[in-house]
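A.B. asks: My structure is in work.cif, and what it holds is mmCIF, C-alpha atoms:
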```cif
data_work
#
loop_
_atom_site.group_PDB
_atom_site.id
_atom_site.type_symbol
_atom_site.label_atom_id
_atom_site.label_comp_id
_atom_site.auth_asym_id
_atom_site.auth_seq_id
_atom_site.Cartn_x
_atom_site.Cartn_y
_atom_site.Cartn_z
ATOM 1 C CA MET A 1 138.277 -30.981 236.339
ATOM 2 C CA SER A 2 134.895 -30.972 234.616
ATOM 3 C CA SER A 3 132.932 -27.711 234.862
ATOM 4 C CA SER A 4 129.532 -29.455 234.900
ATOM 5 C CA PRO A 5 127.445 -28.359 237.909
ATOM 6 C CA LEU A 6 126.908 -30.954 240.610
ATOM 7 C CA VAL A 7 123.178 -31.567 241.263
ATOM 8 C CA VAL A 8 122.733 -32.677 244.880
ATOM 9 C CA PRO A 9 119.500 -34.646 245.466
ATOM 10 C CA THR A 10 117.258 -34.076 248.491
ATOM 11 C CA GLY A 11 118.330 -36.122 251.528
ATOM 12 C CA PHE A 12 121.939 -36.524 250.410
ATOM 13 C CA VAL A 13 124.013 -38.530 252.908
ATOM 14 C CA THR A 14 125.795 -36.178 255.297
ATOM 15 C CA ARG A 15 129.200 -37.874 255.171
ATOM 16 C CA ARG A 16 129.156 -37.920 251.361
ATOM 17 C CA ARG A 17 128.292 -34.208 251.249
ATOM 18 C CA ALA A 18 131.176 -33.503 253.645
ATOM 19 C CA PHE A 19 133.604 -35.431 251.443
ATOM 20 C CA LEU A 20 132.441 -33.723 248.266
ATOM 21 C CA GLN A 21 132.688 -30.304 249.880
ATOM 22 C CA SER A 22 136.219 -31.009 250.997
ATOM 23 C CA ALA A 23 137.103 -32.227 247.487
ATOM 24 C CA GLY A 24 135.869 -29.086 245.779
ATOM 25 C CA ALA A 25 132.428 -30.506 245.107
ATOM 26 C CA ALA A 26 131.247 -27.662 242.931
ATOM 27 C CA THR A 27 133.431 -28.870 240.075
ATOM 28 C CA LEU A 28 132.831 -32.632 240.278
ATOM 29 C CA SER A 29 130.870 -34.048 237.376
ATOM 30 C CA ALA A 30 128.029 -36.499 237.752
ATOM 31 C CA ALA A 31 130.347 -39.144 236.353
ATOM 32 C CA ALA A 32 132.863 -38.533 239.124
ATOM 33 C CA VAL A 33 130.145 -38.710 241.748
ATOM 34 C CA ALA A 34 128.921 -42.000 240.310
ATOM 35 C CA LEU A 35 132.386 -43.486 240.335
ATOM 36 C CA ILE A 36 133.096 -42.330 243.851
ATOM 37 C CA ALA A 37 129.725 -43.612 245.040
ATOM 38 C CA GLY A 38 130.634 -47.036 243.720
ATOM 39 C CA CYS A 39 133.718 -47.097 245.888
ATOM 40 C CA GLU A 40 132.051 -46.449 249.231
ATOM 41 C CA SER A 41 132.389 -50.076 250.282
ATOM 42 C CA GLN A 42 136.117 -50.037 249.597
ATOM 43 C CA ALA A 43 136.767 -46.621 251.067
ATOM 44 C CA GLN A 44 135.029 -47.299 254.357
ATOM 45 C CA GLY A 45 137.368 -48.966 256.798
ATOM 46 C CA MET A 46 139.464 -50.842 254.251
ATOM 47 C CA GLY A 47 142.363 -48.438 254.136
ATOM 48 C CA LYS A 48 145.064 -49.290 251.645
ATOM 49 C CA GLY A 49 144.444 -53.049 251.580
ATOM 50 C CA THR A 50 145.916 -55.258 248.890
ATOM 51 C CA ASP A 51 142.633 -55.580 247.006
ATOM 52 C CA THR A 52 142.019 -51.833 247.075
ATOM 53 C CA MET A 53 145.477 -51.000 245.799
ATOM 54 C CA ALA A 54 145.158 -53.639 243.089
ATOM 55 C CA ASP A 55 141.988 -51.886 241.944
ATOM 56 C CA VAL A 56 143.784 -48.540 242.149
ATOM 57 C CA ASN A 57 146.481 -49.914 239.836
ATOM 58 C CA ILE A 58 143.834 -50.848 237.284
ATOM 59 C CA LEU A 59 142.242 -47.419 237.550
ATOM 60 C CA ASN A 60 145.618 -45.804 237.036
ATOM 61 C CA THR A 61 146.167 -47.822 233.887
ATOM 62 C CA ALA A 62 142.783 -46.578 232.706
ATOM 63 C CA LEU A 63 143.799 -43.039 233.589
ATOM 64 C CA GLY A 64 146.888 -43.434 231.445
ATOM 65 C CA LEU A 65 144.655 -44.389 228.531
ATOM 66 C CA GLU A 66 142.457 -41.347 229.085
ATOM 67 C CA HIS A 67 145.455 -38.990 229.233
ATOM 68 C CA GLU A 68 146.595 -40.385 225.895
ATOM 69 C CA ALA A 69 143.119 -40.161 224.349
ATOM 70 C CA ILE A 70 142.731 -36.519 225.397
ATOM 71 C CA ASN A 71 146.072 -35.676 223.859
ATOM 72 C CA ALA A 72 145.384 -37.692 220.715
ATOM 73 C CA TYR A 73 142.223 -35.681 220.064
ATOM 74 C CA GLN A 74 144.116 -32.484 220.883
ATOM 75 C CA LEU A 75 146.778 -33.358 218.336
ATOM 76 C CA GLY A 76 144.069 -34.161 215.834
ATOM 77 C CA ALA A 77 142.256 -30.893 216.442
ATOM 78 C CA GLU A 78 145.483 -28.876 216.179
ATOM 79 C CA SER A 79 146.605 -30.659 213.021
ATOM 80 C CA GLY A 80 144.321 -28.532 210.855
ATOM 81 C CA LEU A 81 143.277 -31.710 209.073
ATOM 82 C CA LEU A 82 139.805 -32.012 210.611
ATOM 83 C CA GLN A 83 136.907 -30.176 209.015
ATOM 84 C CA LYS A 84 133.552 -29.338 210.568
ATOM 85 C CA PRO A 85 131.428 -31.195 211.643
ATOM 86 C CA VAL A 86 134.068 -33.877 212.216
ATOM 87 C CA LEU A 87 136.117 -31.397 214.222
ATOM 88 C CA ASP A 88 133.126 -30.713 216.479
ATOM 89 C CA THR A 89 132.693 -34.442 217.080
ATOM 90 C CA ALA A 90 136.372 -34.832 217.957
ATOM 91 C CA VAL A 91 136.103 -32.010 220.473
ATOM 92 C CA LEU A 92 132.992 -33.626 221.952
ATOM 93 C CA PHE A 93 134.734 -36.985 222.309
ATOM 94 C CA GLN A 94 137.738 -35.288 223.888
ATOM 95 C CA SER A 95 135.439 -33.638 226.432
ATOM 96 C CA GLN A 96 134.014 -37.041 227.326
ATOM 97 C CA HIS A 97 137.497 -38.456 227.820
ATOM 98 C CA LYS A 98 138.169 -35.512 230.120
ATOM 99 C CA GLU A 99 135.101 -36.538 232.133
ATOM 100 C CA HIS A 100 136.501 -40.067 232.313
ATOM 101 C CA ARG A 101 139.829 -38.642 233.454
ATOM 102 C CA ASP A 102 138.283 -36.467 236.150
ATOM 103 C CA ALA A 103 136.198 -39.343 237.481
ATOM 104 C CA LEU A 104 139.191 -41.686 237.577
ATOM 105 C CA VAL A 105 141.384 -39.112 239.320
ATOM 106 C CA ALA A 106 138.738 -38.511 241.967
ATOM 107 C CA THR A 107 138.195 -42.216 242.541
ATOM 108 C CA ILE A 108 141.901 -43.041 242.733
ATOM 109 C CA LYS A 109 142.392 -40.310 245.311
ATOM 110 C CA LYS A 110 139.399 -41.441 247.330
ATOM 111 C CA LEU A 111 140.807 -44.963 247.436
ATOM 112 C CA GLY A 112 144.111 -43.630 248.736
ATOM 113 C CA GLY A 113 146.101 -43.840 245.533
ATOM 114 C CA THR A 114 148.131 -41.339 243.556
ATOM 115 C CA PRO A 115 146.803 -40.621 240.043
ATOM 116 C CA VAL A 116 149.328 -41.241 237.305
ATOM 117 C CA ALA A 117 150.560 -38.016 235.741
ATOM 118 C CA GLU A 118 149.891 -36.900 232.198
ATOM 119 C CA LYS A 119 152.922 -36.873 229.912
ATOM 120 C CA SER A 120 153.846 -33.961 227.676
ATOM 121 C CA LYS A 121 151.944 -33.464 224.434
ATOM 122 C CA SER A 122 155.176 -33.953 222.523
ATOM 123 C CA ASP A 123 155.634 -37.345 224.196
ATOM 124 C CA TYR A 124 152.196 -38.401 222.987
ATOM 125 C CA ALA A 125 152.842 -36.988 219.538
ATOM 126 C CA LYS A 126 155.993 -39.063 219.252
ATOM 127 C CA ALA A 127 154.460 -42.244 220.669
ATOM 128 C CA LEU A 128 151.414 -41.981 218.400
ATOM 129 C CA ASN A 129 153.526 -41.062 215.378
ATOM 130 C CA ALA A 130 151.490 -37.909 214.879
ATOM 131 C CA GLY A 131 153.871 -36.750 212.200
ATOM 132 C CA SER A 132 152.560 -39.446 209.878
ATOM 133 C CA LEU A 133 149.032 -37.971 209.890
ATOM 134 C CA LYS A 134 148.417 -36.331 206.518
ATOM 135 C CA SER A 135 144.639 -36.287 206.087
ATOM 136 C CA GLN A 136 141.363 -36.185 207.978
ATOM 137 C CA ALA A 137 141.018 -39.905 207.317
ATOM 138 C CA ASP A 138 144.426 -40.538 208.920
ATOM 139 C CA VAL A 139 143.345 -38.704 212.065
ATOM 140 C CA LEU A 140 140.034 -40.531 212.191
ATOM 141 C CA HIS A 141 141.712 -43.901 211.700
ATOM 142 C CA LEU A 142 144.088 -43.187 214.572
ATOM 143 C CA ALA A 143 141.180 -42.220 216.821
ATOM 144 C CA GLN A 144 139.208 -45.256 215.665
ATOM 145 C CA ARG A 145 142.078 -47.630 216.549
ATOM 146 C CA LEU A 146 142.561 -46.035 219.949
ATOM 147 C CA GLU A 147 138.844 -46.127 220.763
ATOM 148 C CA ARG A 148 138.527 -49.776 219.813
ATOM 149 C CA GLY A 149 141.621 -50.577 221.833
ATOM 150 C CA ALA A 150 140.286 -48.680 224.821
ATOM 151 C CA ALA A 151 136.907 -50.418 224.645
ATOM 152 C CA ASN A 152 138.622 -53.793 224.553
ATOM 153 C CA ALA A 153 140.985 -52.804 227.362
ATOM 154 C CA TYR A 154 138.124 -51.770 229.642
ATOM 155 C CA ILE A 155 136.337 -55.027 228.894
ATOM 156 C CA GLY A 156 139.536 -57.044 229.339
ATOM 157 C CA VAL A 157 140.271 -55.763 232.855
ATOM 158 C CA ILE A 158 136.766 -56.327 234.218
ATOM 159 C CA PRO A 159 137.618 -59.782 235.695
ATOM 160 C CA SER A 160 140.576 -58.253 237.533
ATOM 161 C CA PHE A 161 138.582 -55.816 239.676
ATOM 162 C CA HIS A 162 137.928 -56.813 243.285
ATOM 163 C CA ASP A 163 135.144 -54.249 243.688
ATOM 164 C CA PRO A 164 132.211 -55.205 241.456
ATOM 165 C CA ALA A 165 131.085 -51.554 241.400
ATOM 166 C CA LEU A 166 134.366 -50.642 239.710
ATOM 167 C CA ALA A 167 133.969 -53.533 237.292
ATOM 168 C CA GLN A 168 130.608 -52.070 236.290
ATOM 169 C CA VAL A 169 132.178 -48.652 235.840
ATOM 170 C CA SER A 170 134.765 -50.255 233.550
ATOM 171 C CA ALA A 171 131.902 -51.648 231.486
ATOM 172 C CA ARG A 172 130.345 -48.181 231.255
ATOM 173 C CA LEU A 173 133.639 -46.673 230.152
ATOM 174 C CA ALA A 174 133.890 -49.399 227.514
ATOM 175 C CA ALA A 175 130.411 -48.444 226.320
ATOM 176 C CA ASP A 176 131.491 -44.821 225.817
ATOM 177 C CA GLU A 177 134.556 -45.884 223.841
ATOM 178 C CA THR A 178 132.430 -48.189 221.709
ATOM 179 C CA MET A 179 130.082 -45.300 220.997
ATOM 180 C CA HIS A 180 133.062 -43.215 219.897
ATOM 181 C CA TRP A 181 134.363 -46.036 217.714
ATOM 182 C CA THR A 182 130.967 -46.442 216.055
ATOM 183 C CA ALA A 183 130.684 -42.737 215.256
ATOM 184 C CA LEU A 184 134.229 -42.631 213.876
ATOM 185 C CA THR A 185 133.595 -45.722 211.773
ATOM 186 C CA SER A 186 130.486 -44.045 210.355
ATOM 187 C CA ALA A 187 132.430 -40.851 209.623
ATOM 188 C CA LEU A 188 134.923 -42.971 207.690
ATOM 189 C CA ALA A 189 132.028 -44.590 205.787
ATOM 190 C CA GLU A 190 133.291 -47.992 206.860
ATOM 191 C CA ALA A 191 131.102 -51.001 207.486
ATOM 192 C CA LEU A 192 130.097 -52.084 210.964
ATOM 193 C CA PRO A 193 131.062 -55.597 212.113
ATOM 194 C CA GLN A 194 128.891 -58.281 210.578
ATOM 195 C CA LYS A 195 129.209 -60.650 213.513
ATOM 196 C CA ALA A 196 128.078 -60.069 217.068
ATOM 197 C CA LEU A 197 130.445 -59.889 220.038
ATOM 198 C CA ALA A 198 132.989 -57.879 218.042
ATOM 199 C CA PHE A 199 134.460 -56.301 221.174
ATOM 200 C CA GLY A 200 136.240 -57.930 224.100
ATOM 201 C CA ALA A 201 137.348 -61.496 224.605
ATOM 202 C CA MET B 1 131.303 -87.302 238.785
ATOM 203 C CA THR B 2 133.784 -88.562 241.390
ATOM 204 C CA TRP B 3 136.593 -86.438 242.829
ATOM 205 C CA VAL B 4 139.079 -88.435 240.744
ATOM 206 C CA GLY B 5 136.976 -87.818 237.638
ATOM 207 C CA ARG B 6 136.769 -84.045 238.283
ATOM 208 C CA SER B 7 140.470 -83.723 238.980
ATOM 209 C CA SER B 8 141.280 -85.655 235.810
ATOM 210 C CA TRP B 9 139.247 -83.175 233.784
ATOM 211 C CA ALA B 10 141.005 -80.298 235.524
ATOM 212 C CA VAL B 11 144.422 -81.742 234.716
ATOM 213 C CA ALA B 12 143.359 -82.297 231.129
ATOM 214 C CA ALA B 13 142.202 -78.679 230.853
ATOM 215 C CA LEU B 14 145.513 -77.404 232.205
ATOM 216 C CA LEU B 15 147.478 -79.584 229.807
ATOM 217 C CA LEU B 16 145.342 -78.395 226.917
ATOM 218 C CA ALA B 17 145.987 -74.764 227.821
ATOM 219 C CA ALA B 18 149.723 -75.388 228.162
ATOM 220 C CA SER B 19 149.855 -77.209 224.845
ATOM 221 C CA ALA B 20 148.030 -74.355 223.128
ATOM 222 C CA ALA B 21 150.753 -72.033 224.314
ATOM 223 C CA GLN B 22 153.494 -74.303 223.083
ATOM 224 C CA ALA B 23 151.856 -75.403 219.837
ATOM 225 C CA GLY B 24 152.562 -72.202 217.968
ATOM 226 C CA GLY B 25 149.635 -69.990 217.038
ATOM 227 C CA ASP B 26 148.812 -68.027 213.912
ATOM 228 C CA PRO B 27 150.812 -64.772 213.803
ATOM 229 C CA VAL B 28 148.551 -63.292 211.119
ATOM 230 C CA ARG B 29 145.480 -63.690 213.304
ATOM 231 C CA GLY B 30 147.667 -62.700 216.224
ATOM 232 C CA GLN B 31 148.458 -59.364 214.591
ATOM 233 C CA ALA B 32 144.758 -58.637 214.148
ATOM 234 C CA LEU B 33 144.124 -59.532 217.783
ATOM 235 C CA TYR B 34 147.081 -57.415 218.916
ATOM 236 C CA GLU B 35 145.785 -54.413 216.992
ATOM 237 C CA SER B 36 142.346 -54.915 218.473
ATOM 238 C CA ARG B 37 143.098 -55.852 222.072
ATOM 239 C CA CYS B 38 146.578 -54.602 222.920
ATOM 240 C CA ILE B 39 146.853 -51.380 220.947
ATOM 241 C CA ALA B 40 145.156 -49.264 223.620
ATOM 242 C CA CYS B 41 148.282 -49.490 225.784
ATOM 243 C CA HIS B 42 151.043 -50.934 223.626
ATOM 244 C CA SER B 43 152.869 -50.382 220.385
ATOM 245 C CA LEU B 44 155.667 -52.375 218.848
ATOM 246 C CA ASP B 45 158.062 -49.438 218.757
ATOM 247 C CA ALA B 46 156.970 -46.881 221.372
ATOM 248 C CA ASN B 47 156.452 -46.864 225.117
ATOM 249 C CA ARG B 48 152.921 -45.726 225.869
ATOM 250 C CA THR B 49 150.711 -46.721 228.796
ATOM 251 C CA GLY B 50 152.488 -50.047 228.437
ATOM 252 C CA PRO B 51 156.051 -50.794 227.257
ATOM 253 C CA MET B 52 156.919 -51.367 223.624
ATOM 254 C CA HIS B 53 156.662 -54.943 222.426
ATOM 255 C CA ARG B 54 159.163 -55.351 219.633
ATOM 256 C CA GLY B 55 161.715 -57.812 220.975
ATOM 257 C CA VAL B 56 159.574 -58.855 223.946
ATOM 258 C CA TYR B 57 159.891 -62.570 223.145
ATOM 259 C CA GLY B 58 163.057 -63.714 224.901
ATOM 260 C CA ARG B 59 163.383 -60.488 226.900
ATOM 261 C CA LYS B 60 163.533 -60.246 230.660
ATOM 262 C CA ALA B 61 160.412 -58.752 232.215
ATOM 263 C CA GLY B 62 160.748 -55.127 233.234
ATOM 264 C CA SER B 63 163.757 -54.383 231.079
ATOM 265 C CA VAL B 64 162.641 -51.874 228.429
ATOM 266 C CA ALA B 65 164.583 -48.650 228.891
ATOM 267 C CA ARG B 66 162.772 -45.506 229.989
ATOM 268 C CA PHE B 67 159.502 -47.216 230.871
ATOM 269 C CA GLY B 68 158.025 -46.833 234.367
ATOM 270 C CA TYR B 69 157.388 -50.425 235.363
ATOM 271 C CA SER B 70 155.745 -51.428 238.606
ATOM 272 C CA PRO B 71 158.326 -52.477 241.213
ATOM 273 C CA ALA B 72 156.937 -56.012 240.993
ATOM 274 C CA VAL B 73 157.581 -56.377 237.265
ATOM 275 C CA LYS B 74 160.909 -54.558 237.505
ATOM 276 C CA ALA B 75 162.094 -57.036 240.131
ATOM 277 C CA SER B 76 160.797 -60.105 238.339
ATOM 278 C CA ALA B 77 163.293 -62.623 236.968
ATOM 279 C CA ILE B 78 160.809 -63.883 234.383
ATOM 280 C CA VAL B 79 161.950 -64.117 230.784
ATOM 281 C CA TRP B 80 159.119 -63.862 228.279
ATOM 282 C CA ASP B 81 158.545 -66.991 226.232
ATOM 283 C CA ALA B 82 155.482 -68.898 225.063
ATOM 284 C CA THR B 83 154.790 -70.345 228.496
ATOM 285 C CA THR B 84 155.344 -67.230 230.585
ATOM 286 C CA LEU B 85 153.473 -65.020 228.117
ATOM 287 C CA ASP B 86 150.564 -67.454 228.153
ATOM 288 C CA ARG B 87 150.461 -67.377 231.938
ATOM 289 C CA TRP B 88 150.769 -63.564 231.893
ATOM 290 C CA LEU B 89 147.915 -63.079 229.470
ATOM 291 C CA THR B 90 145.786 -65.580 231.389
ATOM 292 C CA ASP B 91 146.124 -63.766 234.727
ATOM 293 C CA PRO B 92 148.846 -61.151 235.109
ATOM 294 C CA GLN B 93 148.263 -60.673 238.831
ATOM 295 C CA LYS B 94 148.658 -64.370 239.509
ATOM 296 C CA LEU B 95 151.984 -64.507 237.666
ATOM 297 C CA ILE B 96 153.462 -61.277 239.058
ATOM 298 C CA PRO B 97 151.527 -59.973 242.079
ATOM 299 C CA GLY B 98 151.654 -56.197 242.190
ATOM 300 C CA GLN B 99 151.776 -55.739 238.415
ATOM 301 C CA ARG B 100 149.736 -53.005 236.777
ATOM 302 C CA MET B 101 148.562 -54.483 233.457
ATOM 303 C CA ASN B 102 145.605 -56.560 234.666
ATOM 304 C CA PHE B 103 144.384 -57.227 231.131
ATOM 305 C CA ARG B 104 143.385 -60.833 230.476
ATOM 306 C CA VAL B 105 142.932 -62.747 227.246
ATOM 307 C CA ALA B 106 140.425 -65.439 228.053
ATOM 308 C CA LEU B 107 140.735 -67.876 225.144
ATOM 309 C CA PRO B 108 143.836 -70.119 224.823
ATOM 310 C CA GLU B 109 143.802 -69.884 221.023
ATOM 311 C CA ASP B 110 143.709 -66.072 221.169
ATOM 312 C CA ARG B 111 146.675 -66.055 223.534
ATOM 313 C CA ALA B 112 148.582 -68.488 221.308
ATOM 314 C CA ASP B 113 148.017 -66.317 218.246
ATOM 315 C CA ILE B 114 149.037 -63.095 219.995
ATOM 316 C CA ILE B 115 152.148 -64.805 221.337
ATOM 317 C CA ALA B 116 152.976 -66.105 217.862
ATOM 318 C CA TYR B 117 152.775 -62.521 216.546
ATOM 319 C CA LEU B 118 154.956 -61.196 219.361
ATOM 320 C CA LYS B 119 157.466 -63.964 218.686
ATOM 321 C CA GLN B 120 157.528 -63.124 214.983
ATOM 322 C CA THR B 121 158.006 -59.401 215.618
ATOM 323 C CA SER B 122 160.841 -60.272 217.964
ATOM 324 C CA GLY B 123 162.658 -62.013 215.145
ATOM 325 C CA LYS B 124 162.407 -65.424 216.807
#
```
Show me this structure written as structure tokens.
C.D. replies:
Amino acid sequence: MSSSPLVVPTGFVTRRRAFLQSAGAATLSAAAVALIAGCESQAQGMGKGTDTMADVNILNTALGLEHEAINAYQLGAESGLLQKPVLDTAVLFQSQHKEHRDALVATIKKLGGTPVAEKSKSDYAKALNAGSLKSQADVLHLAQRLERGAANAYIGVIPSFHDPALAQVSARLAADETMHWTALTSALAEALPQKALAFGA
Amino acid sequence: MTWVGRSSWAVAALLLAASAAQAGGDPVRGQALYESRCIACHSLDANRTGPMHRGVYGRKAGSVARFGYSPAVKASAIVWDATTLDRWLTDPQKLIPGQRMNFRVALPEDRADIIAYLKQTSGK
């Protein structure tokens, strides 16, 4: 869970405060609060309806992506191939993926779902062919591909959400991944896309 | 436009989409699209968030070993070909309710190219 302090505004809704307290509110990030807040309409009185569980399935797919991203950056950081300040940026991006993860876990639970479990680091290393990484550029290219893929995935699932608040959250997650991709592309001294609408369908 | 006119356009649009799937897309462009759109969850040779794709063309849905499919996909009798893949990429939930992919490829030509790449990498 994120260690960012939760800032509670004046006049906070009583039932929301009760939920957050029961969920260990002191450790929920602002991102998690925002995601959960967007699900109030689904959580209230809808139970485990078909539409809600369909949205939970999408969120769990997203959670799987975040688990992989966190481990990919971990493998990169542990490879010894990243030099400062690139290493610092990788750690920053990993921390943001952890915020994504925490928010998704909290939202999935609030909607009555079971968050998909993280695999072992060795599973991710094998699936991502970490053994082929021989240079800083290799690590950055792997991260760049994953970030672009994640941005496109978040954009691609937007039409599938039943809750428009979750669709908007997917767009925000895509924006973070695009930011990561742009920074990685700059670190690789590669050109940005010349044409607009380079991401998504 | 009359009801007959509107329905004729709708039928024409459906036929156009179906023909795009069958016409055979560009696997080179399809590879670029795959590496841009699909790579977040899939690889050709490793199970990740999604199952591996090498050999998917002609394969029964839900049949890759050691991947945790949704019960819906696992139970499906669908065999992946140009038509079923086109329908899947258009709207996965409509084809197999209860699936977990949910990712859509909006443009028929993009779907055709991705399918052409998947067909090529399946040795078909």
A.B. asks: Between CA of Ala106 (chain B) and CA of Ala191 (chain A), what distance in Å does the model show, to one decimal?
C.D. replies: 26.8 Å
A.B. asks: Write down, as JSON, numbers by chain, each residue of chain A that has any atom within 10 Å of an atom of chain B, counting all atoms listed in the file.
C.D. replies: {"A": [50, 53, 54, 55, 56, 57, 58, 59, 60, 61, 62, 63, 64, 65, 66, 67, 68, 69, 119, 123, 124, 126, 127, 128, 129, 145, 146, 147, 148, 149, 150, 151, 152, 153, 154, 155, 156, 157, 158, 159, 160, 161, 198, 199, 200, 201]}
A.B. asks: Tell me, in Å to one decimal, how far CA of Val86 (chain A) is from CA of Arg172 (chain A).
C.D. replies: 24.1 Å
A.B. asks: Check which residues satisfy the PyMOL selection byres ((chain A and resi 187) around 12) in the file shown, then give them as a PyMOL selection string.
C.D. replies: chain A and resi 82-87+89-90+136-137+139-141+143-144+180-186+188-192
A.B. asks: Using only C-alpha atoms, which residues sit within 10 Å of Gly131 (chain A) once same-chain residues fewer than 4 positions away are excluded, as a compact mmCIF listing (two decimals) with C-alpha atoms, in the coordinates of the input?
C.D. replies:
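Final file, part_19.txt:
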```txt
# COMPACT_ATOMS: atom_id res chain seq x y z
CA LEU A 75 146.78 -33.36 218.34
CA SER A 79 146.60 -30.66 213.02
CA ALA A 125 152.84 -36.99 219.54
CA LYS A 126 155.99 -39.06 219.25
```
A.B. asks: At what distance in Å, to one decimal, does CA of Thr84 (chain B) lie from CA of Asp26 (chain B)?
C.D. replies: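 It comes out at 17.9 Å.
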A.B. asks: Under the rule that only C-alpha atoms are counted, which of A:Leu173, A:Ala103, A:Ile108, A:Leu81 is the nearest residue to Asp138 (chain A)?
C.D. replies: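 For Asp138 (chain A), the nearest of the candidates is A:Leu81.
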A.B. asks: Using the chain letters and residue numbers of this document, give as a list in words the residues selected by the PyMOL selection byres ((chain B and resi 67) around 8).
C.D. replies: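 Output of the PyMOL selection byres ((chain B and resi 67) around 8): Asn47, Gly50, Pro51, Val64, Ala65, Arg66, Gly68 and Tyr69 of chain B.
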A.B. asks: Selection in question (the file shown): the PyMOL selection byres ((chain B and resi 55) around 12). Which residues does it include, as a list in words?
C.D. replies: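 So the PyMOL selection byres ((chain B and resi 55) around 12) ends up selecting Ser43, Leu44, Asp45, Ala46, Pro51, Met52, His53, Arg54, Val56, Tyr57, Gly58, Arg59, Lys60, Ala61, Ser63, Val64, Val79, Trp80, Asp81, Ile115, Tyr117, Leu118, Lys119, Gln120, Thr121, Ser122, Gly123 and Lys124 of chain B.
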A.B. asks: Return as JSON the box centre and box size in Å, one decimal, for an axis-aligned box around all listed atoms of region 182-195 of chain A padded by 6 Å per side.
C.D. replies:
```
{"center_x": 131.9, "center_y": -50.8, "center_z": 210.9, "size_x": 18.0, "size_y": 31.8, "size_z": 22.3}
```
A.B. asks: Restricting the calculation to all atoms listed in the file, which member of B:Gly24, B:Leu95, B:Ile114, B:Thr90 is positioned closest to Ala77 (chain B)?
C.D. replies: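 Of the candidates, the smallest distance to Ala77 (chain B) is held by B:Leu95.
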